Each structure stands twice: as structure tokens, then as C-alpha cells.
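S.K.: To start, I am sharing the structure in question, which I have written as C-alpha cells.
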Protein chains: 2
Amino acid sequence: MSGLIGADDRPMREGADEAAVFDCLEPPKARALVMAGVECFADLGFDGTTTRDIAERVDLSPAAVYVHFPSKADLLFTISKLGHESALQTLEAAAASEPPGTERIGAMISAFAAWHARNRRLAKVVQYELDAIPPERRPELNRMRRRFETVFESTIEEGIEANLLTAPDVAGAAMAILSLCIDVARWYSPQGPRSPESLGRFYADLLLRMLNAAPATA
Amino acid sequence: MSGLIGADDRPMREGADEAAVFDCLEPPKARALVMAGVECFADLGFDGTTTRDIAERVDLSPAAVYVHFPSKADLLFTISKLGHESALQTLEAAAASEPPGTERIGAMISAFAAWHARNRRLAKVVQYELDAIPPERRPELNRMRRRFETVFESTIEEGIEANLLTAPDVAGAAMAILSLCIDVARWYSPQGPRSPESLGRFYADLLLRMLNAAPATA
DNA sequence: GTCTATAACCAGATAGAC
DNA sequence: GTCTATCTGGTTATAGAC
């Protein structure tokens, strides 16, 4: 059961956006297994999920998992890597879409927070299942995670040099921004009052106050 | 192995502060099992922890766990309840220690963030293992969690009425403050540059900017 | 209250037919 | 590539001696 019941009792495909992240995956059954893995790992945790849980969701036998992935942990890595790439692309696209200063940092906060809301389950796997990644594959993810930080840091630095932002500690402020956006994956529910976009705008407004800038006018 | 190696190679008891939370527990072996449970659940997750892991840490057989707790999930509930109570007491004590307005909300942020850093492992269990709590015992915890929110909300409201704070959305601002403090449990390391108290002060400063107040002078 | 031993079950992963 | 069947080892929890 992956759907949610909408107000009109029609099941809504909540994972529709997450699906796009995995478009590049072939063959289709591997993609289906990955998408089932996202839902299971997010809802039950990596250790709470069995290969049978994943296989059942796509009407395959447990053995079929091992045709496409060498192990459960390797399936998790595939999910986590594509998830990290998607988040990073979203963040860097937002950075590139606006001129340096208030607009750029606002767009980044907004996009990064909204990504965690829109891709709630994927984000939960990305942010909370790092410990289950096979150790030899962790450096690849850690490099991408370090880029989350440096992109925020350098944009804040830029804004300070242009006299548009202030922060007592650039690395600390970047870390706090990142932290607030990441925690969205823990609590966000599509049943709540805010859409992912609305949450993104709200967080950008709040955090721009923190960075001593005038609230965004958008 | 619960110790960390200090700069001078002496093992430091990192869990010393967490121990105080469980002082009320009797008999001593039950307390020892709870403390071992905190470390295991935080480091391996509830599903990743076996009753053997817990028992081995205190040199007991797996069966000894069931003399003191009816199940592994019930041991988790005991931990989570005492953890919630400790966090709530810390928050309410901070609220009571300062006059309404900037000082009070600053003290609350500082204390709540520092609690999550100081009691890192306990906080991880409290904030990330709610799904493994037996369903019939969840309402008790949810009542306490709701109080986290209302205490922050009413304090912000107070500050706004006194013209000391501003916020576009009180519930949203309270939620963001809570969220940032909770996420400390995910990333904080005692090896990092900031002590729990220093982190608390830093977060209070950042968030008071967000609430449109002058930075705390403390 | 603690132990050893074990029941009853479930996990990840593989073998080999189709 | 997918299945059924199964291996091997680990899981929670209990039984009964001390």
C-alpha cells in the first residue's frame, strides 16, 4: 500500500515526484525495486525492512532482488546516491537561478527545504540511513554532503562581502540552515497545512531574518 | 565500550550526564540495562539492537533482560519516557529562570539545544525511535511532545505582546526553533569544536536574530 | 535474580529448475 | 530473469535448574 487517501477518497500517488529521481534506472524492475525500497526503508527503517517486504510491493519473489542488486545494503546505496545527487542538483540549480546576495541564498533555502518536503521518504532514507551504507561506499556520499555545506557557506560569504547579509559565524550559520532543512524529512507530512513550496518560502523568510536581511519580497 | 578517548588518552565517561536521568531507577541492574539500552539503541537503532547486545554490555545473559522488562520494546519505552521528562524539565526550568521576553526565549533555546547535545544518545532515542514504541504507550509521550510546542509558542506570544519579538507565524516559528534543536541529536559530536553550552548560546543568538530581537548580550 | 538451554520463528542470501 | 525451495544463522522470548 503506497497510496494515500485523498479528500475525495481517491488514492493519490504521493511518490510521483520521487519517481522522477529514478527515471535513469534500467531495467524497469530494478527501478520498481528501488522505489519500493524507498518506501520500505523510510517507513520501517533499513533494519526493520525485509527483502520480502520490498519484493512483495512489486509482486516479485525475494530472490528477484538479488538479480538486480548484490545485497540489501547495496540497494540502499543506490537509493542514497541518487537521492544525494537529486538534492545537490536542486540546490545548485537554485543557486544558479538567482543573482548573488539575498535572492540567491533565499532561493537555495527555499529549494532545499522544499526538496526535503516533496521527497519526504527519499529524504528520510538519505538523511537517516547513512549508518547502514557499506563503509567502502560512504566516502562518495560524504563528498556530496560536504558540498551541501560549502555551497551554503560560500553563498553566505558572498552576501556578507556585498554587505547584504551578516552572520557571526559563517560555517555555523550554514550548518544551522542545512540542519533546519534536513529536519523537514523527520516531521513533514503532506497532510499538514503547508505545501512543500509554501514551507520553502516560509523557511527562506525566517532564515533571511536570521541573516539580518530584509524579508524576501517574493 | 562506552568511553571515548580524550586528548590525553584517558578514556572519558561521556555518558556521565545521561546517567543522572536514570538515577530514580531501581534496582541497579535495571538501571544498568536502561543505560546500556540507550547506547545500543542510539548507535545501532532499535531494530539493529539485539537483547544480547544490551545484556553483554552489563555482563548479564539475554534472559536477565526479561526479569526487569517484559519486552525489548518496553525497555525502549522506559528510556523514552524518562528522556522526554528530562528534556521537558530542562525546558521548563529554563523558562522559569528568566523574565518573559528576550531573556526567557533565549534561555529556553539555549537549554533545549544544549540538552540535545549533552544527552546526545538519549536524545537520538527520544527523537528517532518513536515508531518502535508500543502503540498503546504513545499517547503519553505525545502529550509531552505537545508541551514542547506550546511552551515555545506561548513564550513567543508573550514576547510579541510586549513588543520585544516579532514573528510572521508564531506556531511556525516555534516549530522551526524546536526542529533546529532536535536535529542537534542527529549531528552533534562531543569531538567537535563546540561544547553543549556554547552551542546553546550560539543557537539562542541565531534564533533571536530570527525573532527580530537584538542579539543576547550574555 | 541469574543462569543454561531451547522453543519457535524469521532473516539474508543461494541453488537450480524453467 | 523469475520462480520455488532451502540453507544457515540469528532473533525474541520462555522453561526450569540453582
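Labels used: A, B, ... for chains in the order of the C-alpha cells, numbers from 1 for residues in each chain, and numbers from 1 for ligands as shown.
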Select residues of chain B: the criterion is any atom within 6 Å of an atom of chain A, counting only C-alpha atoms; output as a ChimeraX atom specification.

M.R.: /B:47-48,180,209-210

S.K.: Using C-alpha atoms, can you write the selected residues to a file as a compact mmCIF listing (two decimals), in the first residue's frame?

M.R.:
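Output file out_22.txt follows:
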# COMPACT_ATOMS: atom_id res chain seq x y z
CA ASP B 47 15.80 -2.86 15.17
CA GLY B 48 19.56 -3.13 14.82
CA LEU B 180 16.63 23.08 14.85
CA ARG B 209 18.01 37.42 15.29
CA MET B 210 15.28 35.48 13.54

S.K.: Write out as a list of chain:residue names every residue belonging to chain D that has an atom at most 10 Å from any atom of chain B, counting only C-alpha atoms (C1' of nucleotides).

M.R.: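 Residues of chain D within 10 Å of chain B, counting only C-alpha atoms (C1' of nucleotides): D:DG10, D:DT11, D:DT12, D:DA13, D:DT14.
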
S.K.: Would you export the selected residues with all heavy atoms as an mmCIF file, in the first residue's frame, please?

M.R.:
data_model
loop_
_atom_site.group_PDB
_atom_site.id
_atom_site.type_symbol
_atom_site.label_atom_id
_atom_site.label_comp_id
_atom_site.auth_asym_id
_atom_site.auth_seq_id
_atom_site.Cartn_x
_atom_site.Cartn_y
_atom_site.Cartn_z
ATOM 1 P P DG D 10 25.182 -16.225 13.682
ATOM 2 O OP1 DG D 10 26.424 -15.452 13.618
ATOM 3 O OP2 DG D 10 25.057 -17.391 14.595
ATOM 4 O "O5'" DG D 10 23.978 -15.231 13.989
ATOM 5 C "C5'" DG D 10 23.523 -14.345 12.977
ATOM 6 C "C4'" DG D 10 22.120 -13.884 13.323
ATOM 7 O "O4'" DG D 10 21.189 -14.961 13.084
ATOM 8 C "C3'" DG D 10 21.973 -13.491 14.797
ATOM 9 O "O3'" DG D 10 21.264 -12.272 14.879
ATOM 10 C "C2'" DG D 10 21.158 -14.621 15.394
ATOM 11 C "C1'" DG D 10 20.348 -15.097 14.205
ATOM 12 N N9 DG D 10 19.944 -16.507 14.299
ATOM 13 C C8 DG D 10 20.762 -17.588 14.459
ATOM 14 N N7 DG D 10 20.115 -18.717 14.532
ATOM 15 C C5 DG D 10 18.782 -18.353 14.418
ATOM 16 C C6 DG D 10 17.618 -19.143 14.437
ATOM 17 O O6 DG D 10 17.509 -20.360 14.564
ATOM 18 N N1 DG D 10 16.465 -18.359 14.285
ATOM 19 C C2 DG D 10 16.456 -16.995 14.143
ATOM 20 N N2 DG D 10 15.260 -16.412 14.016
ATOM 21 N N3 DG D 10 17.536 -16.251 14.126
ATOM 22 C C4 DG D 10 18.664 -16.989 14.268
ATOM 23 P P DT D 11 21.164 -11.445 16.203
ATOM 24 O OP1 DT D 11 21.509 -10.059 15.822
ATOM 25 O OP2 DT D 11 21.893 -12.153 17.276
ATOM 26 O "O5'" DT D 11 19.622 -11.486 16.580
ATOM 27 C "C5'" DT D 11 18.661 -10.962 15.649
ATOM 28 C "C4'" DT D 11 17.263 -11.315 16.117
ATOM 29 O "O4'" DT D 11 17.016 -12.709 15.809
ATOM 30 C "C3'" DT D 11 17.057 -11.215 17.617
ATOM 31 O "O3'" DT D 11 16.625 -9.912 17.946
ATOM 32 C "C2'" DT D 11 15.943 -12.225 17.869
ATOM 33 C "C1'" DT D 11 16.054 -13.231 16.706
ATOM 34 N N1 DT D 11 16.485 -14.619 17.080
ATOM 35 C C2 DT D 11 15.531 -15.592 17.257
ATOM 36 O O2 DT D 11 14.340 -15.370 17.151
ATOM 37 N N3 DT D 11 16.014 -16.837 17.589
ATOM 38 C C4 DT D 11 17.334 -17.189 17.749
ATOM 39 O O4 DT D 11 17.643 -18.339 18.045
ATOM 40 C C5 DT D 11 18.282 -16.124 17.555
ATOM 41 C C7 DT D 11 19.751 -16.418 17.710
ATOM 42 C C6 DT D 11 17.824 -14.904 17.228
ATOM 43 P P DT D 12 16.453 -9.488 19.449
ATOM 44 O OP1 DT D 12 16.392 -8.011 19.433
ATOM 45 O OP2 DT D 12 17.501 -10.187 20.205
ATOM 46 O "O5'" DT D 12 15.040 -10.072 19.922
ATOM 47 C "C5'" DT D 12 13.856 -9.675 19.265
ATOM 48 C "C4'" DT D 12 12.699 -10.503 19.782
ATOM 49 O "O4'" DT D 12 13.008 -11.916 19.629
ATOM 50 C "C3'" DT D 12 12.401 -10.301 21.277
ATOM 51 O "O3'" DT D 12 10.993 -10.156 21.440
ATOM 52 C "C2'" DT D 12 12.928 -11.585 21.939
ATOM 53 C "C1'" DT D 12 12.778 -12.617 20.834
ATOM 54 N N1 DT D 12 13.755 -13.751 20.879
ATOM 55 C C2 DT D 12 13.300 -15.061 20.903
ATOM 56 O O2 DT D 12 12.112 -15.351 20.885
ATOM 57 N N3 DT D 12 14.287 -16.016 20.936
ATOM 58 C C4 DT D 12 15.644 -15.806 20.955
ATOM 59 O O4 DT D 12 16.433 -16.753 20.984
ATOM 60 C C5 DT D 12 16.055 -14.414 20.931
ATOM 61 C C7 DT D 12 17.512 -14.077 20.938
ATOM 62 C C6 DT D 12 15.110 -13.467 20.897
ATOM 63 P P DA D 13 10.373 -9.650 22.857
ATOM 64 O OP1 DA D 13 9.037 -9.081 22.583
ATOM 65 O OP2 DA D 13 11.376 -8.870 23.575
ATOM 66 O "O5'" DA D 13 10.168 -11.031 23.613
ATOM 67 C "C5'" DA D 13 9.311 -12.004 23.012
ATOM 68 C "C4'" DA D 13 9.502 -13.350 23.692
ATOM 69 O "O4'" DA D 13 10.822 -13.848 23.423
ATOM 70 C "C3'" DA D 13 9.381 -13.341 25.225
ATOM 71 O "O3'" DA D 13 8.167 -14.005 25.558
ATOM 72 C "C2'" DA D 13 10.629 -14.083 25.712
ATOM 73 C "C1'" DA D 13 11.147 -14.744 24.455
ATOM 74 N N9 DA D 13 12.594 -14.958 24.411
ATOM 75 C C8 DA D 13 13.578 -14.004 24.410
ATOM 76 N N7 DA D 13 14.790 -14.502 24.371
ATOM 77 C C5 DA D 13 14.597 -15.872 24.352
ATOM 78 C C6 DA D 13 15.493 -16.964 24.304
ATOM 79 N N6 DA D 13 16.818 -16.827 24.281
ATOM 80 N N1 DA D 13 14.956 -18.220 24.295
ATOM 81 C C2 DA D 13 13.626 -18.350 24.319
ATOM 82 N N3 DA D 13 12.681 -17.401 24.361
ATOM 83 C C4 DA D 13 13.250 -16.175 24.370
ATOM 84 P P DT D 14 7.743 -14.240 27.068
ATOM 85 O OP1 DT D 14 6.275 -14.254 27.113
ATOM 86 O OP2 DT D 14 8.525 -13.360 27.939
ATOM 87 O "O5'" DT D 14 8.243 -15.740 27.272
ATOM 88 C "C5'" DT D 14 7.823 -16.723 26.334
ATOM 89 C "C4'" DT D 14 8.330 -18.087 26.746
ATOM 90 O "O4'" DT D 14 9.763 -18.148 26.564
ATOM 91 C "C3'" DT D 14 8.087 -18.468 28.202
ATOM 92 O "O3'" DT D 14 7.608 -19.817 28.211
ATOM 93 C "C2'" DT D 14 9.461 -18.338 28.855
ATOM 94 C "C1'" DT D 14 10.358 -18.742 27.689
ATOM 95 N N1 DT D 14 11.761 -18.247 27.755
ATOM 96 C C2 DT D 14 12.794 -19.137 27.638
ATOM 97 O O2 DT D 14 12.641 -20.335 27.496
ATOM 98 N N3 DT D 14 14.051 -18.567 27.695
ATOM 99 C C4 DT D 14 14.349 -17.232 27.851
ATOM 100 O O4 DT D 14 15.507 -16.843 27.890
ATOM 101 C C5 DT D 14 13.204 -16.348 27.969
ATOM 102 C C7 DT D 14 13.424 -14.875 28.147
ATOM 103 C C6 DT D 14 11.978 -16.882 27.914
#

S.K.: When you count only C-alpha atoms (C1' of nucleotides), which of these residues is closest to chain C: A:Glu136, A:Asp53, A:Glu149, A:Asp59?

M.R.: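 Selected residue with least distance to chain C: A:Asp53.
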
S.K.: For CA of Ile160 (chain A) and CA of Arg104 (chain A), determine how far apart the two atoms are, in Å to one decimal place.

M.R.: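 According to the coordinates, CA of Ile160 (chain A) and CA of Arg104 (chain A) are separated by 12.6 Å.
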
S.K.: I need the contact residues of chain C against chain B, so if you could list those with any atom within 8 Å, counting only C-alpha atoms (C1' of nucleotides), and return them as a list in words, that would help.

M.R.: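 The answer, sorted by residue number, is DG1, DT2 and DC3 of chain C.
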
S.K.: Produce a file of the selected residues containing C-alpha atoms (C1' of nucleotides), as a PDB file, in the first residue's frame.

M.R.:
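Contents of selection36.pdb, as written:
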ATOM      1  C1'  DG C   1      17.564 -12.895  40.041  1.00  0.00           C
ATOM      2  C1'  DT C   2      20.563 -15.144  37.301  1.00  0.00           C
ATOM      3  C1'  DC C   3      21.872 -18.822  34.602  1.00  0.00           C
TER       4       DC C   3
END

S.K.: As a ChimeraX atom specification, which residues of region 8-211 of chain B does DSSP assign to alpha helix (DSSP H)?

M.R.: /B:16-21,28-44,51-57,62-68,72-97,102-118,120-128,138-161,170-187,196-210

S.K.: I'd like the contact shell of Arg147 (chain B) - 12 Å cut-off, only C-alpha atoms (C1' of nucleotides), skipping same-chain residues fewer than 6 positions apart - returned as a PyMOL selection string.

M.R.: chain B and resi 84-85+87-89+91-92+140-141+153-154+174-175+178

S.K.: Deliver the residues from the most recent selection as a file, using N, CA, C and O atoms, as a PDB file, in the first residue's frame.

M.R.:
ATOM      1  N   HIS B  84      12.028  11.984  27.664  1.00  0.00           N
ATOM      2  CA  HIS B  84      11.077  13.067  27.437  1.00  0.00           C
ATOM      3  C   HIS B  84      10.905  13.920  28.690  1.00  0.00           C
ATOM      4  O   HIS B  84      10.874  15.147  28.631  1.00  0.00           O
ATOM      5  N   GLU B  85      10.808  13.257  29.826  1.00  0.00           N
ATOM      6  CA  GLU B  85      10.638  14.003  31.082  1.00  0.00           C
ATOM      7  C   GLU B  85      11.834  14.888  31.371  1.00  0.00           C
ATOM      8  O   GLU B  85      11.681  16.045  31.782  1.00  0.00           O
ATOM      9  N   ALA B  87      13.980  16.185  29.200  1.00  0.00           N
ATOM     10  CA  ALA B  87      14.023  17.311  28.257  1.00  0.00           C
ATOM     11  C   ALA B  87      12.991  18.367  28.639  1.00  0.00           C
ATOM     12  O   ALA B  87      13.266  19.571  28.605  1.00  0.00           O
ATOM     13  N   LEU B  88      11.817  17.902  29.022  1.00  0.00           N
ATOM     14  CA  LEU B  88      10.735  18.827  29.371  1.00  0.00           C
ATOM     15  C   LEU B  88      11.066  19.612  30.641  1.00  0.00           C
ATOM     16  O   LEU B  88      10.839  20.825  30.722  1.00  0.00           O
ATOM     17  N   GLN B  89      11.628  18.913  31.626  1.00  0.00           N
ATOM     18  CA  GLN B  89      12.036  19.601  32.861  1.00  0.00           C
ATOM     19  C   GLN B  89      13.080  20.665  32.577  1.00  0.00           C
ATOM     20  O   GLN B  89      13.015  21.780  33.099  1.00  0.00           O
ATOM     21  N   LEU B  91      13.579  22.265  29.817  1.00  0.00           N
ATOM     22  CA  LEU B  91      12.953  23.374  29.091  1.00  0.00           C
ATOM     23  C   LEU B  91      12.139  24.255  30.029  1.00  0.00           C
ATOM     24  O   LEU B  91      12.224  25.487  29.984  1.00  0.00           O
ATOM     25  N   GLU B  92      11.376  23.631  30.897  1.00  0.00           N
ATOM     26  CA  GLU B  92      10.511  24.418  31.780  1.00  0.00           C
ATOM     27  C   GLU B  92      11.304  25.126  32.866  1.00  0.00           C
ATOM     28  O   GLU B  92      10.945  26.230  33.284  1.00  0.00           O
ATOM     29  N   GLU B 140       1.029   8.915  25.834  1.00  0.00           N
ATOM     30  CA  GLU B 140       1.725   9.521  26.973  1.00  0.00           C
ATOM     31  C   GLU B 140       2.905  10.376  26.515  1.00  0.00           C
ATOM     32  O   GLU B 140       3.124  11.475  27.020  1.00  0.00           O
ATOM     33  N   LEU B 141       3.654   9.863  25.546  1.00  0.00           N
ATOM     34  CA  LEU B 141       4.785  10.627  25.019  1.00  0.00           C
ATOM     35  C   LEU B 141       4.303  11.799  24.175  1.00  0.00           C
ATOM     36  O   LEU B 141       4.865  12.895  24.241  1.00  0.00           O
ATOM     37  N   GLU B 153       5.535  28.251  21.959  1.00  0.00           N
ATOM     38  CA  GLU B 153       4.529  29.132  21.351  1.00  0.00           C
ATOM     39  C   GLU B 153       4.095  30.229  22.317  1.00  0.00           C
ATOM     40  O   GLU B 153       4.044  31.412  21.958  1.00  0.00           O
ATOM     41  N   SER B 154       3.794  29.850  23.545  1.00  0.00           N
ATOM     42  CA  SER B 154       3.257  30.863  24.465  1.00  0.00           C
ATOM     43  C   SER B 154       4.328  31.872  24.862  1.00  0.00           C
ATOM     44  O   SER B 154       4.036  33.044  25.074  1.00  0.00           O
ATOM     45  N   ALA B 174       7.806  28.635  16.309  1.00  0.00           N
ATOM     46  CA  ALA B 174       8.051  27.698  17.414  1.00  0.00           C
ATOM     47  C   ALA B 174       8.486  26.346  16.863  1.00  0.00           C
ATOM     48  O   ALA B 174       9.417  25.710  17.378  1.00  0.00           O
ATOM     49  N   MET B 175       7.811  25.928  15.809  1.00  0.00           N
ATOM     50  CA  MET B 175       8.140  24.651  15.195  1.00  0.00           C
ATOM     51  C   MET B 175       9.562  24.649  14.653  1.00  0.00           C
ATOM     52  O   MET B 175      10.304  23.681  14.824  1.00  0.00           O
ATOM     53  N   LEU B 178      12.091  24.443  17.593  1.00  0.00           N
ATOM     54  CA  LEU B 178      12.081  23.061  18.070  1.00  0.00           C
ATOM     55  C   LEU B 178      12.854  22.156  17.113  1.00  0.00           C
ATOM     56  O   LEU B 178      13.678  21.332  17.527  1.00  0.00           O
TER      57      LEU B 178
END

S.K.: So how many Å separate CA of Ile156 (chain B) and CA of Gly101 (chain B), to one decimal?

M.R.: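 These atoms are spaced 7.6 Å apart.
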
S.K.: Excluding Trp115 (chain A) and any residue of its chain fewer than 5 positions from it, enumerate the residues within 9 Å of it, using only C-alpha atoms (C1' of nucleotides), and give them as an MDAnalysis selection string.

M.R.: chainID A and resid 86:87 90:91 110 120 123 181 196:197 200

S.K.: Might you pull out every residue within 12 Å of DG16 (chain C), with only C-alpha atoms (C1' of nucleotides) counted and same-chain residues fewer than 2 positions away left off, and present them as a ChimeraX atom specification?

M.R.: /C:14,18 /D:3-6

S.K.: Keeping all heavy atoms, export the residues of the selection given above as a CSV table (one decimal), in the first residue's frame.

M.R.:
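Now in again_31.csv:
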chain,number,residue,atom,x,y,z
C,14,DT,P,24.7,-14.7,-1.9
C,14,DT,OP1,26.1,-14.9,-1.9
C,14,DT,OP2,24.0,-13.8,-2.8
C,14,DT,O5',24.1,-16.2,-2.2
C,14,DT,C5',24.4,-17.2,-1.2
C,14,DT,C4',23.8,-18.5,-1.7
C,14,DT,O4',22.4,-18.6,-1.5
C,14,DT,C3',24.1,-18.9,-3.2
C,14,DT,O3',24.5,-20.2,-3.2
C,14,DT,C2',22.7,-18.7,-3.8
C,14,DT,C1',21.8,-19.1,-2.7
C,14,DT,N1,20.4,-18.5,-2.7
C,14,DT,C2,19.3,-19.4,-2.6
C,14,DT,O2,19.5,-20.6,-2.5
C,14,DT,N3,18.1,-18.8,-2.7
C,14,DT,C4,17.9,-17.4,-2.8
C,14,DT,O4,16.7,-17.0,-2.8
C,14,DT,C5,19.0,-16.6,-2.9
C,14,DT,C7,18.9,-15.1,-3.1
C,14,DT,C6,20.2,-17.2,-2.9
C,18,DC,P,12.1,-28.3,-14.6
C,18,DC,OP1,10.8,-29.0,-14.3
C,18,DC,OP2,13.1,-29.0,-15.5
C,18,DC,O5',11.8,-26.9,-15.3
C,18,DC,C5',10.7,-26.1,-14.8
C,18,DC,C4',10.7,-24.8,-15.4
C,18,DC,O4',11.9,-24.1,-15.1
C,18,DC,C3',10.7,-24.8,-17.0
C,18,DC,O3',9.4,-24.3,-17.4
C,18,DC,C2',11.8,-23.8,-17.4
C,18,DC,C1',12.2,-23.1,-16.1
C,18,DC,N1,13.6,-22.7,-16.0
C,18,DC,C2,13.9,-21.3,-16.0
C,18,DC,O2,12.9,-20.5,-16.0
C,18,DC,N3,15.1,-20.9,-15.9
C,18,DC,C4,16.1,-21.8,-15.9
C,18,DC,N4,17.4,-21.4,-15.8
C,18,DC,C5,15.9,-23.2,-16.0
C,18,DC,C6,14.6,-23.6,-16.0
D,3,DC,P,9.0,-13.6,-9.5
D,3,DC,OP1,7.7,-13.1,-9.3
D,3,DC,OP2,10.1,-13.0,-8.6
D,3,DC,O5',9.0,-15.2,-9.3
D,3,DC,C5',8.1,-15.9,-10.0
D,3,DC,C4',8.5,-17.4,-9.9
D,3,DC,O4',9.8,-17.6,-10.4
D,3,DC,C3',8.5,-17.9,-8.5
D,3,DC,O3',7.2,-18.5,-8.2
D,3,DC,C2',9.5,-19.0,-8.5
D,3,DC,C1',10.4,-18.7,-9.7
D,3,DC,N1,11.8,-18.3,-9.3
D,3,DC,C2,12.8,-19.2,-9.3
D,3,DC,O2,12.6,-20.4,-9.5
D,3,DC,N3,14.1,-18.8,-9.0
D,3,DC,C4,14.4,-17.5,-8.7
D,3,DC,N4,15.6,-17.2,-8.4
D,3,DC,C5,13.3,-16.6,-8.7
D,3,DC,C6,12.1,-17.0,-9.0
D,4,DT,P,6.8,-18.8,-6.6
D,4,DT,OP1,5.4,-19.0,-6.6
D,4,DT,OP2,7.5,-17.8,-5.8
D,4,DT,O5',7.6,-20.2,-6.4
D,4,DT,C5',7.3,-21.3,-7.2
D,4,DT,C4',8.1,-22.5,-6.7
D,4,DT,O4',9.5,-22.2,-6.8
D,4,DT,C3',8.0,-22.8,-5.2
D,4,DT,O3',8.0,-24.3,-5.0
D,4,DT,C2',9.1,-22.2,-4.5
D,4,DT,C1',10.2,-22.3,-5.6
D,4,DT,N1,11.3,-21.2,-5.6
D,4,DT,C2,12.6,-21.6,-5.6
D,4,DT,O2,13.0,-22.8,-5.6
D,4,DT,N3,13.5,-20.5,-5.6
D,4,DT,C4,13.1,-19.2,-5.6
D,4,DT,O4,14.0,-18.3,-5.6
D,4,DT,C5,11.7,-18.9,-5.5
D,4,DT,C7,11.3,-17.5,-5.5
D,4,DT,C6,10.9,-19.9,-5.5
D,5,DA,P,7.7,-24.9,-3.5
D,5,DA,OP1,6.9,-26.1,-3.8
D,5,DA,OP2,7.1,-23.8,-2.7
D,5,DA,O5',9.1,-25.2,-3.1
D,5,DA,C5',10.1,-25.8,-4.0
D,5,DA,C4',11.4,-26.0,-3.3
D,5,DA,O4',12.2,-24.8,-3.4
D,5,DA,C3',11.3,-26.2,-1.8
D,5,DA,O3',12.2,-27.3,-1.4
D,5,DA,C2',11.7,-24.9,-1.1
D,5,DA,C1',12.7,-24.4,-2.2
D,5,DA,N9,12.8,-22.9,-2.2
D,5,DA,C8,11.8,-22.0,-2.0
D,5,DA,N7,12.2,-20.7,-2.0
D,5,DA,C5,13.6,-20.8,-2.2
D,5,DA,C6,14.6,-19.9,-2.3
D,5,DA,N6,14.3,-18.6,-2.2
D,5,DA,N1,15.8,-20.3,-2.4
D,5,DA,C2,16.1,-21.6,-2.5
D,5,DA,N3,15.2,-22.6,-2.4
D,5,DA,C4,13.9,-22.2,-2.3
D,6,DT,P,12.2,-27.9,0.1
D,6,DT,OP1,12.5,-29.3,0.0
D,6,DT,OP2,11.1,-27.3,0.9
D,6,DT,O5',13.6,-27.2,0.6
D,6,DT,C5',14.7,-27.2,-0.4
D,6,DT,C4',15.8,-26.3,0.2
D,6,DT,O4',15.5,-24.9,0.0
D,6,DT,C3',16.0,-26.5,1.7
D,6,DT,O3',17.4,-26.8,1.9
D,6,DT,C2',15.7,-25.1,2.3
D,6,DT,C1',16.1,-24.2,1.1
D,6,DT,N1,15.5,-22.8,1.1
D,6,DT,C2,16.3,-21.7,0.9
D,6,DT,O2,17.5,-21.8,0.6
D,6,DT,N3,15.6,-20.5,0.9
D,6,DT,C4,14.3,-20.3,1.2
D,6,DT,O4,13.8,-19.2,1.2
D,6,DT,C5,13.5,-21.5,1.4
D,6,DT,C7,12.0,-21.4,1.7
D,6,DT,C6,14.1,-22.7,1.4

S.K.: Taking the chain letters and numbering used in this document, name the residues of chain B that DSSP puts in strand (DSSP E), as a ChimeraX atom specification.

M.R.: /B:4-5,11-12

S.K.: So that I can see what lies close to Pro100 (chain B), please list as a JSON list (two decimals) with N, CA and C atoms, in the first residue's frame the residues with an atom at most 9 Å from it, counting only C-alpha atoms (C1' of nucleotides) and leaving out residues fewer than 3 positions away in the same chain.

M.R.:
[["chain", "number", "residue", "atom", "x", "y", "z"],
["B", 95, "ALA", "N", 12.61, 28.19, 31.24],
["B", 95, "ALA", "CA", 11.54, 29.17, 31.08],
["B", 95, "ALA", "C", 11.28, 29.90, 32.39],
["B", 96, "ALA", "N", 11.37, 29.17, 33.50],
["B", 96, "ALA", "CA", 11.06, 29.76, 34.81],
["B", 96, "ALA", "C", 12.21, 30.60, 35.35],
["B", 103, "GLU", "N", 15.09, 37.40, 27.14],
["B", 103, "GLU", "CA", 15.89, 36.54, 28.00],
["B", 103, "GLU", "C", 15.26, 35.15, 28.14],
["B", 104, "ARG", "N", 13.95, 35.12, 28.34],
["B", 104, "ARG", "CA", 13.30, 33.83, 28.56],
["B", 104, "ARG", "C", 13.39, 32.94, 27.32],
["B", 105, "ILE", "N", 13.03, 33.46, 26.17],
["B", 105, "ILE", "CA", 13.07, 32.61, 24.97],
["B", 105, "ILE", "C", 14.51, 32.20, 24.65],
["B", 155, "THR", "N", 5.58, 31.40, 24.93],
["B", 155, "THR", "CA", 6.65, 32.35, 25.26],
["B", 155, "THR", "C", 6.87, 33.36, 24.13],
["B", 158, "GLU", "N", 3.98, 35.84, 24.22],
["B", 158, "GLU", "CA", 4.27, 36.80, 25.30],
["B", 158, "GLU", "C", 5.22, 37.90, 24.84],
["B", 159, "GLY", "N", 6.30, 37.47, 24.18],
["B", 159, "GLY", "CA", 7.31, 38.43, 23.72],
["B", 159, "GLY", "C", 6.77, 39.38, 22.67],
["B", 162, "ALA", "N", 4.63, 42.00, 24.27],
["B", 162, "ALA", "CA", 5.44, 43.00, 24.96],
["B", 162, "ALA", "C", 6.30, 43.82, 23.99]]
